[in-house]
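One file, entry34.txt, is given below (compact mmCIF, C-alpha atoms).
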```txt
# COMPACT_ATOMS: atom_id res chain seq x y z
CA MET I 126 -1.49 15.24 -21.43
CA THR I 127 -4.46 12.99 -20.83
CA HIS I 128 -7.32 14.09 -23.04
CA VAL I 129 -10.49 12.92 -24.80
CA GLU I 130 -9.76 11.23 -28.13
CA THR I 131 -13.29 10.22 -29.16
CA ILE I 132 -16.86 10.32 -27.82
CA PHE I 133 -19.46 7.66 -28.68
CA THR I 134 -23.11 7.02 -27.83
CA ALA I 135 -25.86 4.72 -29.08
CA GLU I 136 -29.56 5.54 -28.80
CA ALA I 137 -30.64 1.99 -27.92
CA ALA I 138 -29.27 -1.44 -27.12
CA SER I 139 -27.22 -3.10 -29.86
CA GLU I 140 -27.39 -0.07 -32.19
CA PRO I 141 -24.16 1.12 -33.78
CA MET I 142 -22.19 3.70 -31.84
CA ASP I 143 -22.40 7.29 -33.09
CA ARG I 144 -19.28 9.48 -32.94
CA HIS I 145 -19.53 13.01 -31.50
CA ASP I 146 -17.21 16.01 -31.40
CA SER I 147 -18.91 17.19 -28.20
CA ILE I 148 -21.77 16.13 -25.95
CA ASN I 149 -23.46 17.04 -22.70
CA ALA I 150 -22.92 14.91 -19.64
CA VAL I 151 -26.23 14.97 -17.78
CA GLU I 152 -27.70 13.23 -14.77
CA GLY I 153 -27.47 9.51 -15.48
CA GLY I 154 -24.96 9.63 -18.35
CA LEU I 155 -24.36 11.23 -21.70
CA ALA I 156 -27.33 13.01 -23.29
CA GLY I 157 -29.20 10.61 -25.56
CA ASP I 158 -27.06 7.55 -24.81
CA ARG I 159 -28.83 4.21 -24.35
CA TYR I 160 -28.04 3.94 -20.64
CA GLN I 161 -28.97 7.53 -19.89
CA ARG I 162 -32.28 6.83 -21.70
CA GLY I 163 -32.77 3.45 -19.98
CA THR I 164 -32.63 1.49 -23.25
CA GLY I 165 -29.21 -0.19 -22.84
CA HIS I 166 -28.85 -3.98 -23.08
CA TYR I 167 -28.28 -4.29 -19.32
CA SER I 168 -30.81 -1.64 -18.22
CA PRO I 169 -31.80 -1.40 -15.44
CA PHE I 170 -29.73 -4.16 -13.80
CA ASP I 171 -26.08 -3.45 -14.60
CA VAL I 172 -25.81 0.15 -15.64
CA CYS I 173 -22.77 2.35 -16.01
CA ALA I 174 -23.72 5.98 -16.46
CA VAL I 175 -20.64 6.67 -18.61
CA THR I 176 -17.98 4.22 -19.76
CA PHE I 177 -14.35 5.06 -20.48
CA ILE I 178 -11.70 3.13 -22.40
CA SER I 179 -8.09 4.07 -23.06
CA GLN I 180 -6.70 4.68 -26.52
CA GLY I 181 -3.81 2.46 -25.46
CA ALA I 182 -6.21 -0.46 -24.90
CA ILE I 183 -7.69 0.01 -28.37
CA GLU I 184 -4.19 0.10 -29.88
CA THR I 185 -3.18 -3.05 -27.95
CA VAL I 186 -6.26 -4.87 -29.25
CA ARG I 187 -5.39 -3.83 -32.80
CA THR I 188 -1.73 -4.89 -32.62
CA ARG I 189 -2.08 -8.01 -30.47
CA TYR I 190 -5.36 -9.41 -31.83
CA ASP I 191 -5.64 -7.70 -35.25
CA ILE I 192 -9.06 -6.30 -34.29
CA ASP I 193 -9.76 -2.63 -35.06
CA LEU I 194 -12.25 -1.18 -32.58
CA SER I 195 -11.62 2.48 -33.40
CA ASP I 196 -15.14 2.72 -34.86
CA GLY I 197 -16.70 2.34 -31.39
CA ARG I 198 -17.42 -1.40 -31.48
CA HIS I 199 -15.82 -1.54 -28.02
CA ARG I 200 -19.19 -0.08 -26.85
CA ARG I 201 -17.56 2.47 -24.49
CA ASN I 202 -18.56 6.13 -24.47
CA ILE I 203 -15.33 8.05 -24.05
CA VAL I 204 -11.88 7.16 -25.36
CA VAL I 205 -9.06 8.87 -23.45
CA SER I 206 -5.36 8.97 -24.19
CA GLU I 207 -2.30 8.58 -22.00
CA VAL I 208 -3.94 7.27 -18.83
CA ASP I 209 -4.17 4.07 -16.83
CA LEU I 210 -7.89 4.05 -16.22
CA LYS I 211 -7.41 2.19 -12.92
CA GLU I 212 -6.00 5.49 -11.62
CA LEU I 213 -9.44 7.08 -12.15
CA LEU I 214 -11.33 4.52 -10.05
CA GLU I 215 -12.82 6.15 -6.95
CA THR I 216 -11.33 9.42 -8.21
CA THR I 217 -13.25 12.56 -9.05
CA PHE I 218 -12.12 14.05 -12.36
CA ARG I 219 -13.14 16.89 -14.66
CA ILE I 220 -13.46 16.81 -18.43
CA GLY I 221 -14.55 20.10 -19.97
CA ASP I 222 -17.37 21.46 -17.81
CA ALA I 223 -18.43 18.04 -16.44
CA VAL I 224 -17.21 16.22 -13.34
CA PHE I 225 -17.15 12.42 -13.10
CA ARG I 226 -16.39 9.84 -10.41
CA GLY I 227 -14.79 6.54 -11.47
CA THR I 228 -16.87 3.77 -9.89
CA ARG I 229 -15.74 0.32 -11.10
CA PRO I 230 -14.01 -1.62 -13.85
CA ARG I 231 -16.14 -2.47 -16.90
CA PRO I 232 -14.99 -5.87 -18.12
CA PRO I 233 -16.16 -7.03 -21.53
CA CYS I 234 -19.10 -9.39 -21.94
CA ALA I 235 -20.41 -11.75 -24.59
CA HIS I 236 -22.87 -9.05 -25.71
CA VAL I 237 -20.03 -6.73 -26.81
CA GLU I 238 -18.68 -9.49 -29.04
CA ALA I 239 -22.10 -10.23 -30.52
CA VAL I 240 -22.73 -6.57 -31.33
CA ALA I 241 -19.19 -6.10 -32.71
CA ASN I 242 -19.89 -9.12 -34.94
CA GLU I 243 -16.29 -10.29 -34.67
CA ASP I 244 -14.94 -13.31 -32.83
CA GLY I 245 -12.36 -12.56 -30.15
CA VAL I 246 -13.51 -9.05 -29.19
CA ALA I 247 -14.46 -10.00 -25.61
CA ARG I 248 -11.16 -11.82 -25.08
CA ALA I 249 -9.20 -8.94 -26.62
CA LEU I 250 -10.87 -6.48 -24.24
CA SER I 251 -10.16 -8.63 -21.18
CA GLU I 252 -7.09 -8.33 -18.93
CA GLY I 253 -7.97 -4.80 -17.84
CA ARG I 254 -8.61 -3.39 -21.31
CA GLY I 255 -12.41 -3.20 -20.96
CA GLY I 256 -12.42 0.24 -19.38
CA ILE I 257 -14.22 1.70 -16.37
CA CYS I 258 -17.61 3.04 -15.36
CA ALA I 259 -18.13 6.54 -14.01
CA ASP I 260 -20.99 8.56 -12.59
CA VAL I 261 -21.74 12.14 -13.62
CA ILE I 262 -21.19 14.26 -10.49
CA GLU I 263 -21.65 17.66 -12.15
CA PRO I 264 -23.34 17.95 -15.56
CA GLY I 265 -21.61 19.89 -18.31
CA SER I 266 -20.33 19.90 -21.85
CA ILE I 267 -17.34 17.80 -22.91
CA ALA I 268 -15.52 17.73 -26.24
CA VAL I 269 -12.83 15.86 -28.12
CA GLY I 270 -9.50 17.33 -27.03
CA ASP I 271 -10.65 18.26 -23.52
CA GLN I 272 -8.12 17.38 -20.84
CA VAL I 273 -8.83 14.92 -18.02
CA GLU I 274 -8.01 16.67 -14.74
CA ILE I 275 -8.08 15.04 -11.30
CA VAL I 276 -10.31 17.01 -8.90
CA GLU I 277 -10.05 14.68 -5.91
CA ALA I 278 -7.72 11.70 -5.68
CA ASP I 279 -8.77 8.22 -4.66
CA PRO I 280 -9.51 8.49 -0.92
CA ARG I 281 -7.58 5.28 -0.17
CA THR I 282 -4.45 6.71 -1.78
CA VAL I 283 -4.84 9.95 0.14
CA GLY I 284 -5.52 8.00 3.35
CA GLN I 285 -2.42 5.84 2.82
CA ALA I 286 -0.29 8.93 2.27
CA ILE I 287 -1.56 10.39 5.57
CA ALA I 288 -0.93 7.09 7.38
CA ASP I 289 2.60 6.90 5.95
CA ARG I 290 3.32 10.49 7.01
CA LEU I 291 2.01 9.82 10.54
CA ALA I 292 4.09 6.64 10.82
CA GLU I 293 7.18 8.52 9.62
CA ASN I 294 6.56 11.32 12.14
CA ALA I 295 6.09 8.77 14.95
CA GLY I 296 9.37 7.11 13.93
CA ASP I 297 11.16 10.48 14.04
CA ARG I 298 9.89 11.11 17.61
CA ASN I 299 11.00 7.66 18.76
CA ALA I 300 14.53 8.01 17.32
```
Kindly present the structure from the file in structure tokens form.
Amino acid sequence: MTHVETIFTAEAASEPMDRHDSINAVEGGLAGDRYQRGTGHYSPFDVCAVTFISQGAIETVRTRYDIDLSDGRHRRNIVVSEVDLKELLETTFRIGDAVFRGTRPRPPCAHVEAVANEDGVARALSEGRGGICADVIEPGSIAVGDQVEIVEADPRTVGQAIADRLAENAGDRNA
């Protein structure tokens, strides 16, 4: 089951990430996080309300590059298990009492490597391992162990399924 492994925030740009057992998702992000407060490195120009990374990506970075990012040096807010984060893009999903909408990939940048203070971090997080951004649609409390549940699938996927069904039905009528 896809669930939350770890939750991280930082109060201001470049500060170490703090680990939480639970936190409130509020308008604009996670309560007290640098981007929710407007103090993130890229504020206000390139802001992700909440960032997600998969536990699998962190494990791949550790085994392939010998870099351990389990302490939050990946600079992402929520670590989730057993999910391809691309599946959450343009999808509405619930964690605990909060509802999120996946908005875009979050590739790594040079800043993440500088803050991690370890060469190779940006490269290790590339190739789709950098995570995704999400907006808070409905505020609420989330906690480590909470399941990730799809509320509304990606509209393109739903639209393609409808188009396929219509094409199949048209083919049946023409046979």
- prompt: Nearest to Thr216 of chain I: which of I:Ala259, I:Ser266, I:Met126, I:Tyr190 is it, counting only C-alpha atoms?
  reply: I:Ala259
Around segment 155-159 of chain I, with edges along x, y and z and 4 Å added on all six sides, what centre and edge lengths do you get, in Å to one decimal, as AutoDock Vina command-line options?
```
--center_x -26.8 --center_y 8.6 --center_z -23.6 --size_x 12.8 --size_y 16.8 --size_z 11.9
```
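When all atoms listed in the file are used to measure the gap to Val186 of chain I, the shortest distance among I:Gly245, I:Pro264, I:Pro141, I:Gly221 belongs to I:Gly245.
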message: Would you pick out the contacts of Arg189 of chain I at 12 Å or less, using only C-alpha atoms, so that residues sharing its chain but fewer than 6 positions from it are not included, and give the list as a PyMOL selection string?
response: chain I and resi 181-183+245-246+248-250
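Distance-wise, atom CA of Cys173 of chain I and atom CA of Thr188 of chain I end up 27.8 Å apart.
If you look at atom CA of Glu243 of chain I and atom CA of His199 of chain I, they are 11.0 Å away from each other.
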Could you produce a table of the residues of segment 177-250 of chain I lying within 10 Å of segment 269-280 of chain I, with the nearest pair of atoms per residue and their separation in Å rounded to one decimal, using all atoms listed in the file, ordered by chain and increasing residue number, as JSON lines?
```
{"residue": "I:Ile203", "atom": "CA", "partner": "I:Val269", "partner_atom": "CA", "distance": 9.2}
{"residue": "I:Val204", "atom": "CA", "partner": "I:Val269", "partner_atom": "CA", "distance": 9.2}
{"residue": "I:Val205", "atom": "CA", "partner": "I:Val273", "partner_atom": "CA", "distance": 8.1}
{"residue": "I:Ser206", "atom": "CA", "partner": "I:Val273", "partner_atom": "CA", "distance": 9.2}
{"residue": "I:Glu207", "atom": "CA", "partner": "I:Val273", "partner_atom": "CA", "distance": 9.9}
{"residue": "I:Val208", "atom": "CA", "partner": "I:Val273", "partner_atom": "CA", "distance": 9.1}
{"residue": "I:Glu212", "atom": "CA", "partner": "I:Asp279", "partner_atom": "CA", "distance": 8.0}
{"residue": "I:Leu213", "atom": "CA", "partner": "I:Asp279", "partner_atom": "CA", "distance": 7.6}
{"residue": "I:Leu214", "atom": "CA", "partner": "I:Asp279", "partner_atom": "CA", "distance": 7.0}
{"residue": "I:Glu215", "atom": "CA", "partner": "I:Asp279", "partner_atom": "CA", "distance": 5.1}
{"residue": "I:Thr216", "atom": "CA", "partner": "I:Asp279", "partner_atom": "CA", "distance": 4.5}
{"residue": "I:Thr217", "atom": "CA", "partner": "I:Glu277", "partner_atom": "CA", "distance": 5.0}
{"residue": "I:Phe218", "atom": "CA", "partner": "I:Ile275", "partner_atom": "CA", "distance": 4.3}
{"residue": "I:Arg219", "atom": "CA", "partner": "I:Glu274", "partner_atom": "CA", "distance": 5.1}
{"residue": "I:Ile220", "atom": "CA", "partner": "I:Val273", "partner_atom": "CA", "distance": 5.0}
{"residue": "I:Gly221", "atom": "CA", "partner": "I:Asp271", "partner_atom": "CA", "distance": 5.6}
{"residue": "I:Asp222", "atom": "CA", "partner": "I:Asp271", "partner_atom": "CA", "distance": 9.4}
{"residue": "I:Val224", "atom": "CA", "partner": "I:Val276", "partner_atom": "CA", "distance": 8.2}
{"residue": "I:Phe225", "atom": "CA", "partner": "I:Val276", "partner_atom": "CA", "distance": 9.2}
{"residue": "I:Arg226", "atom": "CA", "partner": "I:Glu277", "partner_atom": "CA", "distance": 9.2}
{"residue": "I:Gly227", "atom": "CA", "partner": "I:Asp279", "partner_atom": "CA", "distance": 9.2}
```
- request: Quick one: everything within 8 Å of segment 132-138 of chain I, counting only C-alpha atoms, minus sequence neighbours fewer than 4 positions away in the same chain. Send it as a count of residues only.
  value: 24
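Put simply, atom CA of Val172 of chain I is 18.5 Å away from atom CA of Arg254 of chain I.
Among I:Ser139, I:Ser251, I:Thr131, I:Asn294, the residue with the shortest atom-to-atom distance to Thr185 of chain I, counting only C-alpha atoms, is I:Ser251.
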- line: From the list I:Gly265, I:Ser179, I:Glu184, I:Asp244, the nearest residue to Ala156 of chain I using only C-alpha atoms is I:Gly265
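The closest residue to Ala223 of chain I, picked from I:Ala235, I:Leu210, I:Cys258, I:Ala150 and counting only C-alpha atoms, is I:Ala150.
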